[in-house]
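Following: one structure in structure tokens, then a few remarks.
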Amino acid sequence: MFIQGRNENRRDFVEVWRKDREGEGLDPLEQLVLGVALAHPEYHALLTDMDIALGAEYSPEGGVSNPFLHMGMHIAIREQVGADRPAGITALYRQLSKKYDN
């Protein structure tokens, strides 16, 4: 994903969720975002409300993790593994996935 501002990033997540719910086609990057969102049912309600998604604050002092940062981390890892960058990360990922059956 491209580096962008907080609200643009959150809008992208919510928009991908909306497009999928309404049966619209998704490009490959949007499919990646959707796959991560689907793996996190605890965030589905958040993804259905743009106002809440844009207005929510997630500070370390609040004791609540930032769902957009968390999902973004999953996307970054999937992109790294898919591109094998740095070299060897894909083999390591497969090895660890097999070892931990996950």
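Going through the structure tokens in order, the chains are called A, B, and so on, while each chain numbers its residues from 1 and the ligands are numbered from 1 in the order shown.
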
| request: Quick one: everything within 8 Å of segment 49-61 of chain A, counting only C-alpha atoms, minus sequence neighbours fewer than 5 positions away in the same chain. Send it as a list in words. | output: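 Returned residues: Asn7, Arg10, Arg11, Val14 and Asn66 of chain A.
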
| query | From the set A:Ala39, A:Gly25, A:Asp20, A:Asn102, which residue has the shortest atom-to-atom contact distance to His74 of chain A, counting only C-alpha atoms? | reply | A:Ala39

| To one decimal place, how far is atom CA of Gly88 of chain A from atom CA of Ala76 of chain A in Å? |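 We find that atom CA of Gly88 of chain A and atom CA of Ala76 of chain A lie 15.8 Å from each other.
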
Mind checking DSSP for chain A and telling me the helix (DSSP H, G or I) residues as a short mmCIF file (atom, residue, chain, number, x, y, z; two decimals) with N, CA and C atoms, in the first residue's frame?
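As a result, states.cif now contains:
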data_model
loop_
_atom_site.label_atom_id
_atom_site.label_comp_id
_atom_site.auth_asym_id
_atom_site.auth_seq_id
_atom_site.Cartn_x
_atom_site.Cartn_y
_atom_site.Cartn_z
N ARG A 6 -3.59 9.35 7.76
CA ARG A 6 -4.42 8.50 8.60
C ARG A 6 -5.83 8.32 8.04
N ASN A 7 -6.49 9.40 7.72
CA ASN A 7 -7.87 9.30 7.26
C ASN A 7 -7.98 8.64 5.89
N GLU A 8 -7.04 8.89 5.01
CA GLU A 8 -7.07 8.24 3.69
C GLU A 8 -6.91 6.73 3.86
N ASN A 9 -6.02 6.34 4.74
CA ASN A 9 -5.81 4.92 5.00
C ASN A 9 -7.08 4.28 5.56
N ARG A 10 -7.69 4.92 6.51
CA ARG A 10 -8.91 4.38 7.10
C ARG A 10 -10.05 4.34 6.09
N ARG A 11 -10.15 5.38 5.26
CA ARG A 11 -11.18 5.38 4.21
C ARG A 11 -10.99 4.20 3.27
N ASP A 12 -9.76 3.89 2.93
CA ASP A 12 -9.49 2.76 2.05
C ASP A 12 -10.02 1.46 2.64
N PHE A 13 -9.76 1.22 3.91
CA PHE A 13 -10.26 0.00 4.55
C PHE A 13 -11.79 -0.05 4.51
N VAL A 14 -12.43 1.05 4.90
CA VAL A 14 -13.88 1.09 4.95
C VAL A 14 -14.47 0.95 3.55
N GLU A 15 -13.85 1.59 2.57
CA GLU A 15 -14.35 1.53 1.20
C GLU A 15 -14.21 0.12 0.62
N VAL A 16 -13.12 -0.55 0.89
CA VAL A 16 -12.96 -1.94 0.43
C VAL A 16 -14.04 -2.81 1.07
N TRP A 17 -14.29 -2.62 2.35
CA TRP A 17 -15.31 -3.40 3.04
C TRP A 17 -16.68 -3.16 2.42
N ARG A 18 -17.00 -1.89 2.14
CA ARG A 18 -18.28 -1.55 1.52
C ARG A 18 -18.40 -2.19 0.15
N LYS A 19 -17.37 -2.04 -0.67
CA LYS A 19 -17.40 -2.59 -2.02
C LYS A 19 -17.64 -4.09 -2.00
N ASP A 20 -16.99 -4.78 -1.09
CA ASP A 20 -17.20 -6.22 -1.01
C ASP A 20 -18.62 -6.55 -0.57
N ARG A 21 -19.13 -5.85 0.42
CA ARG A 21 -20.49 -6.11 0.91
C ARG A 21 -21.52 -5.85 -0.18
N PRO A 28 -6.52 -6.17 -7.24
CA PRO A 28 -5.67 -7.05 -6.42
C PRO A 28 -5.28 -6.46 -5.05
N LEU A 29 -4.97 -5.19 -4.99
CA LEU A 29 -4.62 -4.59 -3.70
C LEU A 29 -5.82 -4.56 -2.77
N GLU A 30 -6.99 -4.25 -3.32
CA GLU A 30 -8.20 -4.26 -2.51
C GLU A 30 -8.52 -5.68 -2.01
N GLN A 31 -8.25 -6.68 -2.83
CA GLN A 31 -8.46 -8.06 -2.41
C GLN A 31 -7.53 -8.42 -1.24
N LEU A 32 -6.32 -7.90 -1.28
CA LEU A 32 -5.38 -8.11 -0.18
C LEU A 32 -5.92 -7.48 1.10
N VAL A 33 -6.39 -6.25 1.00
CA VAL A 33 -6.97 -5.54 2.15
C VAL A 33 -8.17 -6.31 2.68
N LEU A 34 -9.03 -6.77 1.79
CA LEU A 34 -10.21 -7.52 2.20
C LEU A 34 -9.83 -8.80 2.92
N GLY A 35 -8.84 -9.51 2.42
CA GLY A 35 -8.41 -10.75 3.06
C GLY A 35 -7.98 -10.52 4.50
N VAL A 36 -7.27 -9.43 4.73
CA VAL A 36 -6.84 -9.10 6.09
C VAL A 36 -8.06 -8.72 6.93
N ALA A 37 -8.96 -7.93 6.39
CA ALA A 37 -10.15 -7.53 7.14
C ALA A 37 -11.01 -8.74 7.49
N LEU A 38 -11.16 -9.66 6.56
CA LEU A 38 -11.97 -10.86 6.82
C LEU A 38 -11.36 -11.71 7.94
N PRO A 41 -12.60 -10.55 12.42
CA PRO A 41 -14.02 -10.25 12.64
C PRO A 41 -14.27 -9.24 13.76
N GLU A 42 -13.31 -9.11 14.66
CA GLU A 42 -13.47 -8.14 15.74
C GLU A 42 -13.51 -6.69 15.22
N TYR A 43 -13.10 -6.48 13.98
CA TYR A 43 -13.08 -5.13 13.40
C TYR A 43 -14.22 -4.89 12.40
N HIS A 44 -15.03 -5.89 12.12
CA HIS A 44 -16.04 -5.76 11.08
C HIS A 44 -17.02 -4.62 11.36
N ALA A 45 -17.48 -4.49 12.58
CA ALA A 45 -18.43 -3.41 12.89
C ALA A 45 -17.79 -2.04 12.64
N LEU A 46 -16.54 -1.90 13.00
CA LEU A 46 -15.83 -0.65 12.77
C LEU A 46 -15.77 -0.32 11.28
N LEU A 47 -15.57 -1.33 10.46
CA LEU A 47 -15.43 -1.11 9.02
C LEU A 47 -16.74 -0.74 8.34
N MET A 50 -18.05 4.74 8.51
CA MET A 50 -16.97 5.66 8.15
C MET A 50 -16.72 6.70 9.24
N ASP A 51 -17.79 7.25 9.81
CA ASP A 51 -17.62 8.30 10.83
C ASP A 51 -16.86 7.79 12.05
N ILE A 52 -17.22 6.60 12.50
CA ILE A 52 -16.52 6.03 13.65
C ILE A 52 -15.07 5.71 13.29
N ALA A 53 -14.88 5.13 12.10
CA ALA A 53 -13.52 4.78 11.67
C ALA A 53 -12.62 6.01 11.61
N LEU A 54 -13.14 7.12 11.10
CA LEU A 54 -12.33 8.33 10.97
C LEU A 54 -12.14 9.05 12.30
N GLY A 55 -13.11 8.94 13.18
CA GLY A 55 -13.05 9.70 14.42
C GLY A 55 -12.37 9.02 15.59
N PRO A 60 -1.66 4.85 22.96
CA PRO A 60 -1.13 3.82 23.87
C PRO A 60 -1.66 3.98 25.29
N GLU A 61 -1.90 5.21 25.70
CA GLU A 61 -2.41 5.46 27.05
C GLU A 61 -3.82 4.92 27.23
N GLY A 62 -4.56 4.80 26.12
CA GLY A 62 -5.94 4.30 26.20
C GLY A 62 -6.03 2.80 26.36
N PRO A 67 -6.73 -0.73 15.31
CA PRO A 67 -7.05 -1.79 14.36
C PRO A 67 -6.51 -1.53 12.96
N PHE A 68 -6.41 -0.28 12.57
CA PHE A 68 -5.91 0.04 11.24
C PHE A 68 -4.40 -0.19 11.16
N LEU A 69 -3.70 0.14 12.21
CA LEU A 69 -2.28 -0.14 12.28
C LEU A 69 -2.04 -1.65 12.29
N HIS A 70 -2.86 -2.36 13.05
CA HIS A 70 -2.74 -3.82 13.13
C HIS A 70 -2.97 -4.47 11.76
N MET A 71 -4.05 -4.08 11.09
CA MET A 71 -4.33 -4.66 9.77
C MET A 71 -3.27 -4.24 8.75
N GLY A 72 -2.77 -3.01 8.87
CA GLY A 72 -1.70 -2.56 7.99
C GLY A 72 -0.44 -3.39 8.14
N MET A 73 -0.16 -3.81 9.38
CA MET A 73 1.00 -4.67 9.62
C MET A 73 0.83 -6.01 8.89
N HIS A 74 -0.38 -6.56 8.94
CA HIS A 74 -0.64 -7.81 8.22
C HIS A 74 -0.45 -7.64 6.72
N ILE A 75 -0.89 -6.52 6.19
CA ILE A 75 -0.73 -6.26 4.76
C ILE A 75 0.75 -6.15 4.41
N ALA A 76 1.51 -5.44 5.22
CA ALA A 76 2.95 -5.29 4.95
C ALA A 76 3.65 -6.65 4.97
N ILE A 77 3.28 -7.49 5.93
CA ILE A 77 3.90 -8.82 6.00
C ILE A 77 3.52 -9.65 4.78
N ARG A 78 2.26 -9.62 4.39
CA ARG A 78 1.83 -10.38 3.20
C ARG A 78 2.56 -9.89 1.95
N GLU A 79 2.74 -8.57 1.83
CA GLU A 79 3.46 -8.03 0.68
C GLU A 79 4.92 -8.48 0.69
N GLN A 80 5.55 -8.46 1.86
CA GLN A 80 6.95 -8.89 1.96
C GLN A 80 7.09 -10.36 1.59
N VAL A 81 6.23 -11.18 2.13
CA VAL A 81 6.30 -12.62 1.85
C VAL A 81 6.03 -12.88 0.37
N GLY A 82 5.05 -12.18 -0.19
CA GLY A 82 4.71 -12.37 -1.60
C GLY A 82 5.82 -11.95 -2.55
N ALA A 83 6.57 -10.95 -2.17
CA ALA A 83 7.66 -10.44 -3.01
C ALA A 83 9.02 -11.04 -2.63
N ILE A 89 12.75 -14.37 2.96
CA ILE A 89 11.66 -14.22 3.93
C ILE A 89 10.52 -15.19 3.64
N THR A 90 10.27 -15.49 2.37
CA THR A 90 9.19 -16.41 2.03
C THR A 90 9.48 -17.81 2.55
N ALA A 91 10.70 -18.27 2.36
CA ALA A 91 11.08 -19.60 2.86
C ALA A 91 11.00 -19.64 4.38
N LEU A 92 11.45 -18.60 5.03
CA LEU A 92 11.38 -18.54 6.50
C LEU A 92 9.93 -18.54 6.97
N TYR A 93 9.10 -17.78 6.29
CA TYR A 93 7.67 -17.73 6.62
C TYR A 93 7.04 -19.12 6.51
N ARG A 94 7.32 -19.80 5.41
CA ARG A 94 6.77 -21.16 5.22
C ARG A 94 7.27 -22.11 6.29
N GLN A 95 8.54 -21.99 6.62
CA GLN A 95 9.11 -22.85 7.64
C GLN A 95 8.43 -22.63 8.99
N LEU A 96 8.25 -21.39 9.37
CA LEU A 96 7.60 -21.08 10.64
C LEU A 96 6.12 -21.45 10.63
N SER A 97 5.46 -21.25 9.50
CA SER A 97 4.04 -21.62 9.39
C SER A 97 3.87 -23.12 9.57
N LYS A 98 4.76 -23.89 8.96
CA LYS A 98 4.70 -25.35 9.09
C LYS A 98 5.00 -25.77 10.53
N LYS A 99 6.01 -25.16 11.13
CA LYS A 99 6.40 -25.51 12.49
C LYS A 99 5.28 -25.25 13.48
N TYR A 100 4.59 -24.13 13.33
CA TYR A 100 3.55 -23.75 14.28
C TYR A 100 2.14 -24.05 13.77
#
